[in-house]
Amino acid sequence: MEYLMLLVSAILVNNFVLSRFLGICPFLGVSKSIPTAMGMSGAVIFVITIASAVTWAFQKYLLEPFGLDKFLQTLAFILVIAALVQLIDIVMKRFAPPLHAALGIYLPLITTNCAVLGVAVINMKDGNGFIKSVLFGFAASVGFAFALLIFTGLREKIDRADPPRCFKGVAISLVTAGLLSLAFMGFSGLVK
Amino acid sequence: MDPIIISSTFWIGGVGLVSAIALAVADKFLTVPEDPLIAKVTECLPGANCGGCGFAGCADYARAIVKEDAELNLCAPVGSAGARAIGAVLGRDPGTGAERKVALVLCCGDFTEALRRSYYNGIAECSAAQATAGGDKGCTYGCLGYASCVRSCPVQAIRLEKGIAKVNKKLCISCAKCVATCPRKLIKLVPFKAEIHVLCSSQDKGPVVKKVCGTGCLGCKICTKLAGDAIIVDGFLAKVDYSKELNNPDLITKCPGKCIRLA
């Protein structure tokens, strides 16, 4: 039950893109077509889940024992995440080419995405155990995917709706993103 | 020295070193060879992976350019200079000195010279005007001036001047979007170096052209005498053969239709 609450909280109530405003860069950049957005979503889920596991282990066995977690957390996490994503890219390309063909091209885009670091840092702040960290990471990335796919669907329609000239292109997309974020505020209070 | 400083430097430095070694080893033994052209195109791109092109990062855009014929001009950070660089990597071999081509609107019938035969008050797109009884211009071959090509240009190289479209050839990246947009197929890709052009596409006879436009090609063939085989008259329209040399400035003053211009 507690895990279900965690899932609902990460996906809907505190959606990473629409409530916490993390990972907005790919949200606006890779939301022009549904197939691209789906690929990106898959890659994000893959990376964030693995990254939450690895950063948890890193924090537990390297940073805390040496008292480095107070001030080196951000630096160390970025280092680990960047190296991890690169390694995932190489390994995936070698051992799972179809997977790499589907997701691999988005990996460079996620390397320094603040959503990945955000998940890791929030996990530490909430003091989650290993299972909870991984689950939270998974849920957070599913929330990202959810928001991304909704926004992509909207954006595809908006492109054809002929907005006024001053709003065409990115302007109307940003306004839409803001309204979508407002809509997701409706979930607040769902989970304590 | 404070032990914290030593231990943090050691551990973070150590992790960095281990990661670097791991990545180097993985790169050595696990990489899969890839089309080198993709790497070359990737070099022309900024590598910021902003996703602004609509693809997932610079490497993906490079792959799409090489494998899926994606358009060259989607990267805003490098702009038209980058698009040209990519074009150079892909289609043009610098060894043979293949030339750069730019778009040219083959019409000089602006609002001071060309007559309108009706008043059009519809959607301000050239294709819409053309669909409505063949457009509102007297000449059924000339530029309608509703700026569809202007809007289609990704680098804003085309502008309306005196009611007809004009390409700034320095900005043109040869993506040919304007060529596809023009419903009258007035825009052609011509060599950048070519300076003298016949800016008319009217296939009407001389007297008919004179009635609707002050600067149309009359098909009089005076230019062919001055230009030799560089200009061919096809029916009643003179056309420049860009593979031949053309540098006779008299052409501009001697053309009775005043449609041979510098561009």
# chains A, B, ... in the order shown; residues from 1 in each chain; ligands from 1

$ residues_around --residues "Lys137 (chain B)" --least-positions-apart "2" --cutoff "10 Å" --atoms "only C-alpha atoms" --output "number ranges by chain"
B: 109, 111, 114-120, 129-130, 134-135, 139-145, 212-213

$ write_last_selection --atoms "N, CA and C atoms" --output "PDB file, in the first residue's frame"
ATOM      1  N   GLY B 109       8.461  40.871 -62.797  1.00  0.00           N
ATOM      2  CA  GLY B 109       7.250  41.664 -62.989  1.00  0.00           C
ATOM      3  C   GLY B 109       6.675  42.139 -61.669  1.00  0.00           C
ATOM      4  N   PHE B 111       5.079  45.229 -58.926  1.00  0.00           N
ATOM      5  CA  PHE B 111       3.810  45.942 -59.048  1.00  0.00           C
ATOM      6  C   PHE B 111       3.909  47.221 -59.887  1.00  0.00           C
ATOM      7  N   ALA B 114       3.944  44.954 -63.740  1.00  0.00           N
ATOM      8  CA  ALA B 114       3.001  43.912 -64.153  1.00  0.00           C
ATOM      9  C   ALA B 114       1.583  44.295 -63.770  1.00  0.00           C
ATOM     10  N   LEU B 115       0.636  43.990 -64.682  1.00  0.00           N
ATOM     11  CA  LEU B 115      -0.772  44.322 -64.452  1.00  0.00           C
ATOM     12  C   LEU B 115      -1.450  43.233 -63.638  1.00  0.00           C
ATOM     13  N   ARG B 116      -2.437  43.666 -62.846  1.00  0.00           N
ATOM     14  CA  ARG B 116      -3.318  42.696 -62.197  1.00  0.00           C
ATOM     15  C   ARG B 116      -4.583  42.652 -63.024  1.00  0.00           C
ATOM     16  N   ARG B 117      -5.142  41.469 -63.202  1.00  0.00           N
ATOM     17  CA  ARG B 117      -6.344  41.411 -64.030  1.00  0.00           C
ATOM     18  C   ARG B 117      -7.607  41.291 -63.202  1.00  0.00           C
ATOM     19  N   SER B 118      -7.437  41.034 -61.883  1.00  0.00           N
ATOM     20  CA  SER B 118      -8.635  40.924 -61.036  1.00  0.00           C
ATOM     21  C   SER B 118      -8.235  41.305 -59.628  1.00  0.00           C
ATOM     22  N   TYR B 119      -9.241  41.415 -58.783  1.00  0.00           N
ATOM     23  CA  TYR B 119      -8.965  41.740 -57.399  1.00  0.00           C
ATOM     24  C   TYR B 119      -9.175  40.465 -56.587  1.00  0.00           C
ATOM     25  N   TYR B 120      -8.148  39.986 -55.962  1.00  0.00           N
ATOM     26  CA  TYR B 120      -8.231  38.734 -55.204  1.00  0.00           C
ATOM     27  C   TYR B 120      -8.277  39.051 -53.720  1.00  0.00           C
ATOM     28  N   ALA B 129      -4.228  31.469 -54.335  1.00  0.00           N
ATOM     29  CA  ALA B 129      -4.502  32.425 -55.422  1.00  0.00           C
ATOM     30  C   ALA B 129      -4.481  31.713 -56.762  1.00  0.00           C
ATOM     31  N   GLN B 130      -3.495  30.825 -56.922  1.00  0.00           N
ATOM     32  CA  GLN B 130      -3.367  30.102 -58.180  1.00  0.00           C
ATOM     33  C   GLN B 130      -4.584  29.218 -58.424  1.00  0.00           C
ATOM     34  N   GLY B 134      -6.725  30.699 -61.612  1.00  0.00           N
ATOM     35  CA  GLY B 134      -5.386  30.948 -62.130  1.00  0.00           C
ATOM     36  C   GLY B 134      -4.718  32.198 -61.615  1.00  0.00           C
ATOM     37  N   GLY B 135      -5.178  32.745 -60.491  1.00  0.00           N
ATOM     38  CA  GLY B 135      -4.468  33.879 -59.902  1.00  0.00           C
ATOM     39  C   GLY B 135      -4.914  35.224 -60.438  1.00  0.00           C
ATOM     40  N   CYS B 139      -0.172  38.245 -66.047  1.00  0.00           N
ATOM     41  CA  CYS B 139       0.664  37.202 -66.625  1.00  0.00           C
ATOM     42  C   CYS B 139       0.403  35.906 -65.880  1.00  0.00           C
ATOM     43  N   THR B 140       0.041  34.864 -66.598  1.00  0.00           N
ATOM     44  CA  THR B 140      -0.307  33.618 -65.917  1.00  0.00           C
ATOM     45  C   THR B 140       0.917  32.812 -65.525  1.00  0.00           C
ATOM     46  N   TYR B 141       2.112  33.349 -65.788  1.00  0.00           N
ATOM     47  CA  TYR B 141       3.329  32.613 -65.427  1.00  0.00           C
ATOM     48  C   TYR B 141       4.112  33.289 -64.315  1.00  0.00           C
ATOM     49  N   GLY B 142       3.773  34.530 -63.984  1.00  0.00           N
ATOM     50  CA  GLY B 142       4.644  35.310 -63.105  1.00  0.00           C
ATOM     51  C   GLY B 142       4.392  35.128 -61.631  1.00  0.00           C
ATOM     52  N   CYS B 143       5.216  35.775 -60.833  1.00  0.00           N
ATOM     53  CA  CYS B 143       5.163  35.658 -59.392  1.00  0.00           C
ATOM     54  C   CYS B 143       3.925  36.356 -58.832  1.00  0.00           C
ATOM     55  N   LEU B 144       3.131  35.620 -58.062  1.00  0.00           N
ATOM     56  CA  LEU B 144       1.889  36.178 -57.551  1.00  0.00           C
ATOM     57  C   LEU B 144       2.097  37.081 -56.339  1.00  0.00           C
ATOM     58  N   GLY B 145       3.200  36.946 -55.682  1.00  0.00           N
ATOM     59  CA  GLY B 145       3.541  37.864 -54.598  1.00  0.00           C
ATOM     60  C   GLY B 145       2.805  37.668 -53.291  1.00  0.00           C
ATOM     61  N   VAL B 212       0.514  42.552 -70.634  1.00  0.00           N
ATOM     62  CA  VAL B 212       0.327  42.313 -69.189  1.00  0.00           C
ATOM     63  C   VAL B 212       1.539  42.663 -68.340  1.00  0.00           C
ATOM     64  N   CYS B 213       2.708  42.875 -68.993  1.00  0.00           N
ATOM     65  CA  CYS B 213       3.879  43.147 -68.164  1.00  0.00           C
ATOM     66  C   CYS B 213       4.884  43.982 -68.922  1.00  0.00           C
TER      67      CYS B 213
END

$ interface_residues --of "chain A" --to "chain B" --cutoff "6 Å" --atoms "only C-alpha atoms" --output "VMD selection string"
chain A and resid 29 to 30 94 105 to 106 109

$ write_last_selection --atoms "C-alpha atoms" --output "short mmCIF file (atom, residue, chain, number, x, y, z; two decimals), in the first residue's frame"
data_model
loop_
_atom_site.label_atom_id
_atom_site.label_comp_id
_atom_site.auth_asym_id
_atom_site.auth_seq_id
_atom_site.Cartn_x
_atom_site.Cartn_y
_atom_site.Cartn_z
CA GLY A 29 12.68 19.42 -27.41
CA VAL A 30 11.58 15.85 -28.02
CA ARG A 94 27.01 -4.12 -28.27
CA ILE A 105 19.88 7.65 -29.65
CA TYR A 106 18.20 9.47 -26.79
CA LEU A 109 20.22 13.74 -24.38
#

$ closest_residue --among "B:Glu195, B:Asp136, B:Asp69, B:Glu113" --to "Asn247 (chain B)" --atoms "only C-alpha atoms"
B:Glu195

$ residues_around --residues "Gly169 (chain A)" --least-positions-apart "6" --cutoff "12 Å" --atoms "only C-alpha atoms" --output "compact mmCIF listing (two decimals) with C-alpha atoms, in the first residue's frame"
# COMPACT_ATOMS: atom_id res chain seq x y z
CA LEU A 28 10.06 20.76 -25.04
CA GLY A 29 12.68 19.42 -27.41
CA LYS A 32 7.25 16.99 -31.69
CA ARG A 155 1.54 19.73 -29.50
CA GLU A 156 0.81 17.71 -32.62
CA ILE A 158 -1.73 22.60 -31.82
CA ASP A 159 0.59 22.73 -34.80
CA ARG A 160 -2.44 22.27 -37.03
CA ALA A 161 -4.78 24.60 -35.14
CA ASP A 162 -3.32 27.81 -36.60
CA PRO A 163 -2.74 30.02 -33.55
CA VAL A 175 1.59 28.36 -22.75
CA THR A 176 0.15 24.86 -23.19
CA GLY B 52 15.69 21.61 -30.98

$ atom_distance --atom1 "CA of Ile6 (chain B)" --atom2 "CA of Ile78 (chain A)"
20.4 Å

$ residues_around --residues "region 184-194 of chain B" --least-positions-apart "2" --cutoff "9 Å" --atoms "only C-alpha atoms" --output "ChimeraX atom specification"
/B:99-107,126-127,130,140-144,169-170,174,176,178-182,196-197,200-201,242,245-247,262-263

$ write_last_selection --atoms "N, CA and C atoms" --output "short mmCIF file (atom, residue, chain, number, x, y, z; two decimals), in the first residue's frame"
data_model
loop_
_atom_site.label_atom_id
_atom_site.label_comp_id
_atom_site.auth_asym_id
_atom_site.auth_seq_id
_atom_site.Cartn_x
_atom_site.Cartn_y
_atom_site.Cartn_z
N GLU B 99 29.70 22.93 -57.75
CA GLU B 99 29.36 24.27 -57.33
C GLU B 99 28.18 24.37 -56.38
N ARG B 100 28.20 25.52 -55.77
CA ARG B 100 27.11 25.85 -54.88
C ARG B 100 25.97 26.41 -55.70
N LYS B 101 24.76 25.96 -55.40
CA LYS B 101 23.59 26.50 -56.10
C LYS B 101 22.72 27.25 -55.12
N VAL B 102 22.05 28.26 -55.64
CA VAL B 102 21.13 29.02 -54.79
C VAL B 102 19.81 29.18 -55.54
N ALA B 103 18.79 29.55 -54.79
CA ALA B 103 17.47 29.69 -55.41
C ALA B 103 17.37 31.03 -56.11
N LEU B 104 16.61 31.07 -57.21
CA LEU B 104 16.39 32.32 -57.94
C LEU B 104 14.94 32.34 -58.39
N VAL B 105 14.26 33.46 -58.16
CA VAL B 105 12.88 33.60 -58.62
C VAL B 105 12.92 34.17 -60.03
N LEU B 106 12.43 33.39 -61.00
CA LEU B 106 12.55 33.82 -62.39
C LEU B 106 11.36 34.68 -62.78
N CYS B 107 11.29 35.85 -62.15
CA CYS B 107 10.25 36.81 -62.50
C CYS B 107 10.69 38.17 -62.03
N CYS B 126 0.07 31.74 -52.19
CA CYS B 126 0.17 31.66 -53.64
C CYS B 126 -0.61 30.48 -54.21
N SER B 127 -0.59 29.35 -53.50
CA SER B 127 -1.31 28.19 -54.02
C SER B 127 -2.81 28.46 -54.04
N GLN B 130 -3.49 30.83 -56.92
CA GLN B 130 -3.37 30.10 -58.18
C GLN B 130 -4.58 29.22 -58.42
N THR B 140 0.04 34.86 -66.60
CA THR B 140 -0.31 33.62 -65.92
C THR B 140 0.92 32.81 -65.52
N TYR B 141 2.11 33.35 -65.79
CA TYR B 141 3.33 32.61 -65.43
C TYR B 141 4.11 33.29 -64.31
N GLY B 142 3.77 34.53 -63.98
CA GLY B 142 4.64 35.31 -63.11
C GLY B 142 4.39 35.13 -61.63
N CYS B 143 5.22 35.78 -60.83
CA CYS B 143 5.16 35.66 -59.39
C CYS B 143 3.93 36.36 -58.83
N LEU B 144 3.13 35.62 -58.06
CA LEU B 144 1.89 36.18 -57.55
C LEU B 144 2.10 37.08 -56.34
N LYS B 169 20.85 35.71 -52.28
CA LYS B 169 21.58 34.46 -52.53
C LYS B 169 22.69 34.19 -51.51
N LYS B 170 23.09 35.22 -50.78
CA LYS B 170 24.13 34.99 -49.77
C LYS B 170 23.59 34.17 -48.61
N SER B 174 20.13 26.43 -50.10
CA SER B 174 19.80 25.43 -51.12
C SER B 174 18.99 24.26 -50.62
N ALA B 176 15.88 24.01 -51.06
CA ALA B 176 14.86 23.83 -52.10
C ALA B 176 13.43 23.79 -51.59
N CYS B 178 11.60 26.41 -51.09
CA CYS B 178 10.86 27.41 -51.86
C CYS B 178 10.51 26.85 -53.23
N VAL B 179 11.42 26.07 -53.78
CA VAL B 179 11.19 25.46 -55.10
C VAL B 179 9.93 24.62 -55.05
N ALA B 180 9.79 23.87 -53.95
CA ALA B 180 8.62 23.00 -53.81
C ALA B 180 7.36 23.80 -53.52
N THR B 181 7.51 24.95 -52.84
CA THR B 181 6.33 25.71 -52.41
C THR B 181 5.67 26.48 -53.55
N CYS B 182 6.47 26.98 -54.49
CA CYS B 182 5.91 27.86 -55.52
C CYS B 182 4.97 27.09 -56.42
N ILE B 196 24.28 36.84 -64.50
CA ILE B 196 23.30 37.35 -65.46
C ILE B 196 22.21 36.31 -65.64
N HIS B 197 20.97 36.74 -65.47
CA HIS B 197 19.85 35.80 -65.58
C HIS B 197 18.72 36.39 -66.39
N CYS B 200 12.41 35.82 -66.29
CA CYS B 200 11.05 35.72 -66.78
C CYS B 200 10.74 34.27 -67.07
N SER B 201 9.50 33.88 -66.82
CA SER B 201 9.10 32.50 -67.10
C SER B 201 7.91 32.46 -68.03
N TYR B 242 23.31 27.46 -67.84
CA TYR B 242 24.32 27.82 -66.86
C TYR B 242 25.61 27.03 -66.98
N GLU B 245 29.55 29.74 -70.32
CA GLU B 245 29.96 31.03 -69.74
C GLU B 245 29.10 32.16 -70.26
N LEU B 246 28.73 33.05 -69.36
CA LEU B 246 27.88 34.17 -69.77
C LEU B 246 28.33 35.40 -69.03
N ASN B 247 28.99 36.32 -69.73
CA ASN B 247 29.40 37.53 -69.02
C ASN B 247 29.33 38.78 -69.89
N LEU B 262 20.91 41.46 -63.45
CA LEU B 262 21.94 40.90 -62.58
C LEU B 262 21.27 40.40 -61.31
N ALA B 263 21.70 39.25 -60.83
CA ALA B 263 21.13 38.73 -59.57
C ALA B 263 22.17 37.92 -58.83
#

$ residues_around --residues "Ala120 (chain A)" --least-positions-apart "6" --cutoff "9 Å" --atoms "only C-alpha atoms" --output "list in words"
Ile48, Ala51, Ser52, Ala53, Thr55, Trp56, Phe77, Ser133 and Gly137 of chain A

$ write_last_selection --atoms "C-alpha atoms" --output "short mmCIF file (atom, residue, chain, number, x, y, z; two decimals), in the first residue's frame"
data_model
loop_
_atom_site.label_atom_id
_atom_site.label_comp_id
_atom_site.auth_asym_id
_atom_site.auth_seq_id
_atom_site.Cartn_x
_atom_site.Cartn_y
_atom_site.Cartn_z
CA ILE A 48 16.56 6.77 -14.24
CA ALA A 51 20.69 5.49 -12.00
CA SER A 52 18.63 5.50 -8.80
CA ALA A 53 19.94 2.04 -7.94
CA THR A 55 23.47 6.31 -6.87
CA TRP A 56 21.85 4.72 -3.84
CA PHE A 77 26.21 11.91 -8.48
CA SER A 133 14.68 4.26 -4.23
CA GLY A 137 13.01 6.29 -9.71
#

$ closest_residue --among "B:Asp2, B:Asp110, B:Asp234, B:Glu125" --to "Glu161 (chain B)" --atoms "only C-alpha atoms"
B:Asp110

$ closest_residue --among "A:Phe58, A:Phe46, A:Phe95, A:Tyr3" --to "Ser141 (chain A)" --atoms "only C-alpha atoms"
A:Phe46

$ atom_distance --atom1 "CA of Thr111 (chain A)" --atom2 "CA of Arg84 (chain B)"
28.9 Å

$ closest_residue --among "A:Ala140, A:Val191, A:Leu99, A:Met1" --to "Val116 (chain A)" --atoms "only C-alpha atoms"
A:Ala140

$ residues_around --residues "Ser181 (chain A)" --least-positions-apart "4" --cutoff "9 Å" --atoms "only C-alpha atoms" --output "list in words"
Val17, Leu18, Ser19, Thr176, Ala177 and Met185 of chain A

$ write_last_selection --atoms "C-alpha atoms" --output "CSV table (one decimal), in the first residue's frame"
chain,number,residue,atom,x,y,z
A,17,VAL,CA,8.0,17.7,-15.2
A,18,LEU,CA,4.8,19.4,-14.3
A,19,SER,CA,5.1,19.9,-10.6
A,176,THR,CA,0.1,24.9,-23.2
A,177,ALA,CA,2.8,23.4,-20.9
A,185,MET,CA,-2.3,20.7,-9.7

$ closest_residue --among "B:Thr132, B:Thr224, B:Ser243, B:Ser202" --to "Cys259 (chain B)" --atoms "only C-alpha atoms"
B:Ser202

$ atom_distance --atom1 "CA of Lys225 (chain B)" --atom2 "CA of Lys205 (chain B)"
19.2 Å

$ residues_around --residues "Gln73 (chain A)" --least-positions-apart "4" --cutoff "9 Å" --atoms "only C-alpha atoms" --output "PyMOL selection string"
chain A and resi 59+63+68-69+77-78+121

$ closest_residue --among "A:Val80, A:Val47, A:Leu117, A:Val134" --to "Gly104 (chain A)" --atoms "only C-alpha atoms"
A:Val47
